[in-house]
Structure formats: C-alpha cells, structure tokens
>>> print(open('structure.cif').read())   # mmCIF, C-alpha atoms
data_coords
loop_
_atom_site.label_atom_id
_atom_site.label_comp_id
_atom_site.auth_asym_id
_atom_site.auth_seq_id
_atom_site.Cartn_x
_atom_site.Cartn_y
_atom_site.Cartn_z
CA MET A 1 -13.13 0.12 4.24
CA GLU A 2 -9.45 -0.19 5.06
CA PHE A 3 -6.92 2.62 5.42
CA GLN A 4 -3.33 1.80 4.40
CA PHE A 5 -0.63 3.99 5.98
CA ALA A 6 3.08 3.46 6.63
CA ASN A 7 3.41 -0.28 7.33
CA ALA A 8 -0.10 -0.58 8.79
CA ARG A 9 -3.73 -1.09 7.78
CA LEU A 10 -6.77 0.02 9.79
CA ASN A 11 -9.73 -2.31 9.28
CA ILE A 12 -12.95 -0.41 9.95
CA ALA A 13 -15.14 -3.48 10.36
CA THR A 14 -13.01 -5.17 13.03
CA GLN A 15 -11.42 -2.06 14.64
CA CYS A 16 -8.03 -3.74 14.20
CA VAL A 17 -4.70 -2.37 13.06
CA ILE A 18 -2.73 -4.88 11.01
CA ILE A 19 1.02 -4.28 11.14
CA ASP A 20 3.39 -6.73 9.46
CA GLU A 21 0.48 -9.19 9.20
CA ARG A 22 -0.10 -9.07 12.98
CA SER A 23 -3.48 -7.80 14.13
CA THR A 24 -3.80 -5.40 17.09
CA GLN A 25 -7.27 -4.76 18.53
CA LEU A 26 -8.10 -1.14 19.40
CA ASP A 27 -10.63 -0.23 22.04
CA ASP A 28 -13.61 1.89 21.01
CA ARG A 29 -12.19 5.32 21.83
CA ALA A 30 -8.74 4.63 20.36
CA PHE A 31 -10.37 3.36 17.17
CA MET A 32 -12.71 6.35 16.90
CA LEU A 33 -9.80 8.73 17.41
CA LEU A 34 -7.60 7.14 14.72
CA HIS A 35 -10.54 6.72 12.33
CA CYS A 36 -11.54 10.35 12.77
CA LEU A 37 -8.00 11.65 12.15
CA LEU A 38 -7.76 9.53 9.00
CA GLN A 39 -11.12 10.75 7.72
CA ARG A 40 -10.35 14.41 8.37
CA ARG A 41 -6.74 14.41 7.09
CA PRO A 42 -4.98 16.73 6.47
CA GLN A 43 -7.24 18.98 8.53
CA VAL A 44 -6.67 19.56 12.23
CA CYS A 45 -9.27 18.00 14.55
CA ALA A 46 -9.94 20.51 17.31
CA HIS A 47 -9.41 19.39 20.90
CA ALA A 48 -12.96 20.33 21.92
CA ASP A 49 -14.51 18.49 18.96
CA LEU A 50 -12.58 15.32 19.71
CA VAL A 51 -13.58 15.40 23.38
CA LYS A 52 -17.24 15.85 22.39
CA LEU A 53 -16.98 12.91 19.98
CA LEU A 54 -15.09 10.52 22.27
CA TRP A 55 -16.82 11.34 25.59
CA PRO A 56 -20.40 12.37 24.70
CA ASN A 57 -22.49 13.77 27.56
CA THR A 58 -19.53 13.35 29.92
CA VAL A 59 -17.36 15.85 31.78
CA VAL A 60 -13.72 14.75 31.60
CA SER A 61 -10.35 16.13 32.61
CA ASP A 62 -8.29 18.26 30.22
CA TRP A 63 -5.74 15.44 30.32
CA SER A 64 -8.15 12.74 29.11
CA LEU A 65 -7.60 13.37 25.40
CA PRO A 66 -3.78 13.77 25.61
CA LYS A 67 -3.67 10.56 27.66
CA LEU A 68 -5.74 8.72 25.04
CA VAL A 69 -3.48 10.03 22.26
CA SER A 70 -0.39 8.96 24.17
CA ASP A 71 -1.89 5.52 24.86
CA LEU A 72 -2.71 5.06 21.18
CA ARG A 73 0.75 6.14 20.08
CA SER A 74 2.34 3.71 22.52
CA GLN A 75 0.08 0.85 21.43
CA LEU A 76 0.89 1.43 17.75
CA ASN A 77 4.61 1.72 18.46
CA ARG A 78 4.62 -1.52 20.45
CA ALA A 79 2.77 -3.20 17.59
CA GLY A 80 5.56 -2.21 15.19
CA LEU A 81 4.35 0.99 13.47
CA GLN A 82 7.41 2.57 11.86
CA GLN A 83 6.22 6.21 11.91
CA ASN A 84 4.35 8.40 14.37
CA CYS A 85 1.03 8.98 12.64
CA ILE A 86 -0.55 11.46 15.10
CA VAL A 87 0.73 15.03 15.10
CA THR A 88 0.02 17.46 17.94
CA VAL A 89 -0.91 20.93 16.73
CA ARG A 90 -0.18 23.12 19.72
CA GLY A 91 -3.13 25.17 20.90
CA GLN A 92 -5.51 23.55 18.40
CA GLY A 93 -5.71 19.77 18.53
CA TYR A 94 -4.42 16.82 16.54
CA ARG A 95 -4.17 15.67 12.94
CA PHE A 96 -2.93 12.69 10.99
CA ALA A 97 0.70 13.14 9.97
CA PRO A 98 0.64 14.84 6.53
CA ALA A 99 3.98 13.26 5.59
CA ILE A 100 2.45 9.76 5.66
CA GLU A 101 0.69 8.69 2.47
CA VAL A 102 -2.72 7.11 3.03
CA SER A 103 -4.64 4.82 0.68
CA GLU A 104 -8.25 3.72 1.06
CA TYR A 105 -9.59 0.34 -0.03
CA PRO A 106 -13.12 -1.09 0.14
CA LEU A 107 -13.57 -4.20 2.28
CA THR A 108 -14.08 -7.44 0.43
CA SER A 109 -16.51 -8.68 3.08
CA THR A 110 -20.17 -7.70 3.28
CA LEU A 111 -19.58 -5.61 6.38
CA MET A 112 -19.89 -1.88 5.84
CA SER A 113 -17.78 0.64 7.75
CA ALA A 114 -19.44 3.17 10.04
CA GLN A 115 -18.45 6.73 9.25
CA VAL A 116 -17.63 9.08 12.16
CA PRO A 117 -18.92 12.62 11.57
CA LEU A 118 -17.03 15.47 13.24
CA ALA A 119 -17.52 19.20 12.90
CA THR A 120 -19.03 18.90 9.43
CA ASN A 121 -22.03 20.53 7.86
CA GLN A 122 -22.80 17.55 5.65
CA PRO A 123 -26.02 15.76 6.69
CA VAL A 124 -25.79 12.13 7.73
CA GLN A 125 -28.14 9.99 5.67
CA ALA A 126 -29.58 6.71 6.89
CA VAL A 127 -29.47 3.89 4.33
CA ALA A 128 -32.28 1.36 4.37
CA PRO A 129 -31.45 -2.39 4.21
CA GLN A 130 -31.57 -3.83 0.72
CA GLY A 131 -33.00 -7.11 -0.45
CA ASP A 132 -36.28 -8.95 -0.61
CA ASN A 133 -36.68 -9.09 3.17
CA ALA A 134 -35.95 -5.40 3.79
CA LEU A 135 -38.52 -3.59 5.92
CA PRO A 136 -40.07 -0.31 4.77
CA ALA A 137 -38.55 2.87 6.21
CA ARG A 138 -41.60 3.49 8.40
CA TYR A 139 -40.68 0.33 10.39
CA TRP A 140 -36.92 0.53 10.83
CA LEU A 141 -36.58 4.32 11.21
CA PRO A 142 -38.51 4.45 14.55
CA VAL A 143 -36.40 1.53 15.78
CA LEU A 144 -33.26 3.51 14.97
CA VAL A 145 -34.57 6.53 16.89
CA ILE A 146 -35.46 4.40 19.93
CA ALA A 147 -32.01 2.78 19.87
CA CYS A 148 -30.33 6.22 19.85
CA LEU A 149 -32.46 7.37 22.81
CA CYS A 150 -31.55 4.22 24.74
CA PHE A 151 -27.87 4.83 24.06
CA VAL A 152 -28.08 8.43 25.34
CA GLY A 153 -29.92 7.19 28.44
CA LEU A 154 -27.27 4.59 29.17
CA MET A 155 -24.48 7.16 28.77
CA THR A 156 -26.25 9.56 31.15
CA HIS A 157 -26.83 6.78 33.68
CA SER A 158 -23.18 5.76 33.48
CA THR A 159 -22.06 9.35 34.06
CA GLU A 160 -24.31 9.67 37.10
CA GLN A 161 -23.00 6.42 38.56
CA THR A 162 -19.33 7.45 38.32
CA ALA A 163 -19.90 10.89 39.82
CA GLY A 164 -19.85 9.64 43.41
CA LEU A 165 -16.85 7.50 44.29
CA HIS A 166 -16.91 5.05 47.17
CA TYR A 167 -14.31 5.61 49.86
CA GLY A 168 -13.52 2.83 52.27
CA GLU A 169 -11.92 -0.54 52.69
CA PRO A 170 -13.00 -4.16 53.07
CA SER A 171 -13.64 -5.32 56.64
CA ASP A 172 -10.73 -7.78 56.33
CA ALA A 173 -8.39 -5.31 54.59
CA ILE A 174 -4.69 -6.17 54.60
CA GLY A 175 -3.65 -2.56 53.95
CA ARG A 176 -4.50 0.86 52.58
CA ILE A 177 -3.63 2.69 49.36
CA LEU A 178 -3.81 6.45 48.92
CA TRP A 179 -4.46 7.10 45.21
CA VAL A 180 -3.79 10.62 43.88
CA ASP A 181 -5.36 11.36 40.49
CA ASP A 182 -7.33 14.38 39.29
CA ASN A 183 -9.68 12.06 37.39
CA PRO A 184 -10.30 9.10 39.73
CA ALA A 185 -13.15 7.78 37.57
CA ASN A 186 -10.48 6.56 35.12
CA ASN A 187 -9.19 4.13 37.76
CA LEU A 188 -12.43 2.53 38.93
CA GLN A 189 -11.55 -0.87 37.44
CA GLU A 190 -8.15 -0.90 39.15
CA LYS A 191 -9.72 0.26 42.43
CA ARG A 192 -12.21 -2.61 42.39
CA TYR A 193 -9.41 -5.05 41.59
CA PHE A 194 -7.46 -4.09 44.71
CA GLU A 195 -10.58 -4.14 46.85
CA ARG A 196 -11.24 -7.70 45.70
CA HIS A 197 -7.76 -8.49 47.03
CA HIS A 198 -8.73 -7.01 50.42
CA ILE A 199 -6.87 -3.73 49.97
CA GLY A 200 -8.58 -0.44 50.85
CA VAL A 201 -8.27 2.36 48.28
CA TYR A 202 -8.78 6.03 49.16
CA THR A 203 -8.81 8.47 46.22
CA VAL A 204 -7.99 12.18 46.21
CA LYS A 205 -7.70 14.61 43.32
CA SER A 206 -4.82 16.86 44.37
CA SER A 207 -1.49 16.90 46.18
CA GLU A 208 -2.98 19.19 48.82
CA GLU A 209 -5.70 16.65 49.66
CA ALA A 210 -3.10 13.88 49.74
CA LEU A 211 -0.89 15.77 52.20
CA LEU A 212 -3.89 16.44 54.44
CA LEU A 213 -4.88 12.75 54.59
CA LEU A 214 -1.28 11.67 55.15
CA GLN A 215 -1.23 13.84 58.26
CA MET A 216 -4.41 12.19 59.55
CA TYR A 217 -4.08 8.53 58.57
CA GLU A 218 -1.48 5.88 57.85
CA TYR A 219 -1.23 4.34 54.38
CA ASN A 220 0.82 1.38 53.23
CA LEU A 221 1.62 2.98 49.88
CA ILE A 222 0.74 5.79 47.49
CA ILE A 223 -0.22 5.54 43.81
CA SER A 224 -0.07 8.76 41.82
CA ASP A 225 -0.45 10.00 38.28
CA MET A 226 2.30 12.24 36.90
CA GLY A 227 0.47 15.29 35.56
CA ARG A 228 -2.57 17.05 37.02
CA ALA A 229 -4.45 20.12 35.76
CA GLN A 230 -1.83 22.58 34.50
CA GLU A 231 1.07 20.91 36.35
CA PRO A 232 2.67 18.15 34.22
CA MET A 233 5.00 17.04 37.04
CA ALA A 234 2.62 17.31 39.99
CA GLY A 235 3.10 13.66 40.98
CA LEU A 236 6.89 13.90 40.97
CA LYS A 237 6.79 17.12 43.00
CA LEU A 238 4.56 15.46 45.60
CA LEU A 239 7.02 12.57 45.89
CA GLN A 240 9.99 14.92 46.31
CA HIS A 241 8.11 16.96 48.92
CA LEU A 242 7.25 13.87 50.97
CA ARG A 243 10.82 12.63 50.91
CA SER A 244 12.13 16.07 51.93
CA GLU A 245 9.76 15.96 54.92
CA GLY A 246 11.01 12.53 55.96
CA ASP A 247 7.91 10.64 54.78
CA HIS A 248 9.08 7.36 53.21
CA THR A 249 5.68 5.86 52.34
CA PRO A 250 6.25 3.62 49.28
CA TYR A 251 5.33 5.63 46.20
CA TYR A 252 4.30 4.21 42.79
CA PHE A 253 3.43 6.05 39.58
CA TYR A 254 0.62 4.94 37.27
CA THR A 255 1.27 7.02 34.20
CA LEU A 256 2.16 7.00 30.51
CA ILE A 257 5.83 7.79 31.03
CA ASP A 258 8.09 4.83 30.40
CA ASN A 259 11.32 6.33 29.06
CA GLN A 260 14.54 5.48 30.84
CA GLU A 261 15.41 9.07 31.73
CA MET A 262 12.18 9.61 33.66
CA LEU A 263 12.48 6.20 35.33
CA GLU A 264 15.87 7.28 36.66
CA VAL A 265 14.41 10.56 37.95
CA VAL A 266 11.66 8.68 39.78
CA LYS A 267 14.20 6.28 41.29
CA THR A 268 16.60 9.00 42.46
CA SER A 269 13.65 10.95 43.93
CA GLY A 270 12.76 7.97 46.13
CA GLY A 271 9.96 6.37 44.12
CA GLN A 272 9.44 2.60 44.17
CA GLY A 273 8.18 2.01 40.64
CA VAL A 274 6.37 3.13 37.50
CA ALA A 275 3.55 1.23 35.79
CA THR A 276 2.03 2.10 32.42
CA GLU A 277 -0.49 -0.75 32.12
CA ARG A 278 -2.90 -2.53 34.48
CA PRO A 279 -1.09 -5.92 34.70
CA GLN A 280 2.17 -4.14 35.50
CA LEU A 281 0.50 -2.06 38.21
CA TYR A 282 -1.28 -5.08 39.70
CA GLY A 283 1.97 -7.03 39.86
CA GLN A 284 3.91 -4.24 41.58
CA ILE A 285 1.26 -3.47 44.19
CA LEU A 286 0.36 -7.08 45.06
CA SER A 287 4.06 -7.91 45.26
CA HIS A 288 4.52 -5.08 47.75
CA PHE A 289 1.76 -6.37 50.03
CA ALA A 290 2.98 -9.96 49.66
CA LYS A 291 6.42 -8.94 50.93
CA LYS A 292 4.84 -7.23 53.94
#
>>> encode(input="structure.cif", output="structure tokens")
Amino acid sequence: MEFQFANARLNIATQCVIIDERSTQLDDRAFMLLHCLLQRRPQVCAHADLVKLLWPNTVVSDWSLPKLVSDLRSQLNRAGLQQNCIVTVRGQGYRFAPAIEVSEYPLTSTLMSAQVPLATNQPVQAVAPQGDNALPARYWLPVLVIACLCFVGLMTHSTEQTAGLHYGEPSDAIGRILWVDDNPANNLQEKRYFERHHIGVYTVKSSEEALLLLQMYEYNLIISDMGRAQEPMAGLKLLQHLRSEGDHTPYYFYTLIDNQEMLEVVKTSGGQGVATERPQLYGQILSHFAKK
C-alpha cells in the first residue's frame, strides 16, 4: 500500500517517504506515527493511545511524543514536503491535516503492508500463507504466538536495562560533561559516543540537581534540553541563572529548536551553541575539547 498526499508518497513496505522522486527513510516510530495518522484520518489520535502504540510496556516522558512529532515534521520539511501534514489538537492529540487530500494505492510488489491497529474495536485477523507449500494453521499459529511473547520479553528486558543509568567517566578522561535532561534514556547513544572519546558524562533530570552538582564538582561544559516537565524553557532559564551568578561554564543545547529567533536568544543569554541532530552535537562538543 502507498499513501499519496501533497507532493509525497508513503511506501508501507519500505517505510520510506518519496518526495519529488527522492526517498527518505523513516525510523520505526516515525513511520508508525505517520502511518497511524493516515489510517485514522480525519479522526484525532489521542495522546495516550499514541504513546501506548509507540512505546509499548515503557514509561516515557510527557515530552516524548511531542518531540517525536516535531522530529518527524522537521524530517519531512527538510525532505521537501510542501505542507505540514500533522495537526496538533490541543488537549487531545494529533491528526492528519484534513485539508490535505490523501489517495491510497496498492503496491505492485508482492510485499503486503502491515496495518497498525489503534483504539479500534475491530478484531485483527491473522491470514495464513497461500500456495502449495503453505503450512496448516495448527503449525504457524503457535509460532506466531511464541514470536509475540519473545517480542514482549525483549521489550521488557530493554526497559529494565535502561532504568539504571551509569554515572562515571573513563579512567583516562579528558574532561567532564554535565547533561541535563528529564529523560536521560533518550541520550544513551550520545553518552556512549562521548565516553568512547574519553569524556565523562554525568546526567541529571532537573535544573535543581544540576545546580547542586555544579556547586560540588567542576565540569568542562553543560548540555541541556530546552523543555522539561511543564516548563518549556527550563533549559534557557537554567542558562540565564548560571550567567547571572557568574558561572560561565560553556553551555550547549540539544533540542528541536532551530529557528533563527531562538538561536539569537540562546546567543545573547550566553549559550555556546544549539544542536538538533547527533552529528551536529558531536561536532560541537568534540571541537570544544579539541580547542582546550
């Protein structure tokens, strides 16, 4: 199945968005989100239902879904999408933009698209393989059940592993980073990257914890998100507080904000930089340590 909307096509089999004949690969959660909104249009997909679908058996921050939506919007815009296809319905959730006409086409290949059920009372039916070599239902149905149980087990194991974060630094560390983010599990890959480059990373979840550690230890720089809990500008307020107290520790934002107005606010407040993607963040931080 393919969905045609605006100047784009979503290919279900490959999880790619094709815009102006250029293919953009979506990660699993971004694809599931866009696919779900397309399937449920013009209905609103509730925030809680989307979180349950995208992060099964996992406790996540209230900002996880808005961040994913913002990431997806940015990715589609950079790929050349001419219209914003995701509409925020305040206090409810998200839906596919009703002003955009959508057409559905079957795939010409033999691959079949996987449907994503969400908040529906319709039963999901399993379809047995067709052909001369197809196994009877009594053989493949137990295999399907076992595969589902294995998947749930893996998800539970993954959740348990990320619950306890490792604090510390390599024995030959060249410096320390204080990372402020209310959902540090989202930054585990970046944390490991810096540790491989002999940089210690210490994570805290709030501005209060960050201020406490800054009184006790010395850090070469600070990385912060912008919004935390119910405070959308918590990171900026922490920066301004530090500068008002005479603390000039280099301060970098790792966030979704990349508009020129906000970049100017960060600069005038005493921040050193803003990164929206991993390569950009890696370059800024490693460049800072290289200069030192």
>>> closest_residue(input="structure.cif", among="A:Val204, A:Leu188, A:Leu213, A:Val274", to="Leu236 (chain A)", atoms="only C-alpha atoms")
A:Val274
>>> residues_around(input="structure.cif", residues="Tyr254 (chain A)", least_positions_apart="6", cutoff="10 Å", atoms="only C-alpha atoms", output="PyMOL selection string")
chain A and resi 179-181+187+223-226+235+273-278+280-281
>>> atom_distance(input="structure.cif", atom1="CA of Gly175 (chain A)", atom2="CA of Gly227 (chain A)")
26.0 Å
>>> atom_distance(input="structure.cif", atom1="CA of Asn77 (chain A)", atom2="CA of Tyr282 (chain A)")
23.1 Å
>>> resolve_selection(input="structure.cif", expression="the PyMOL selection byres ((chain A and resi 56-64) around 9)", output="MDAnalysis selection string")
chainID A and resid 51:55 65:69 152 155:156 159 182:183 186 227:230
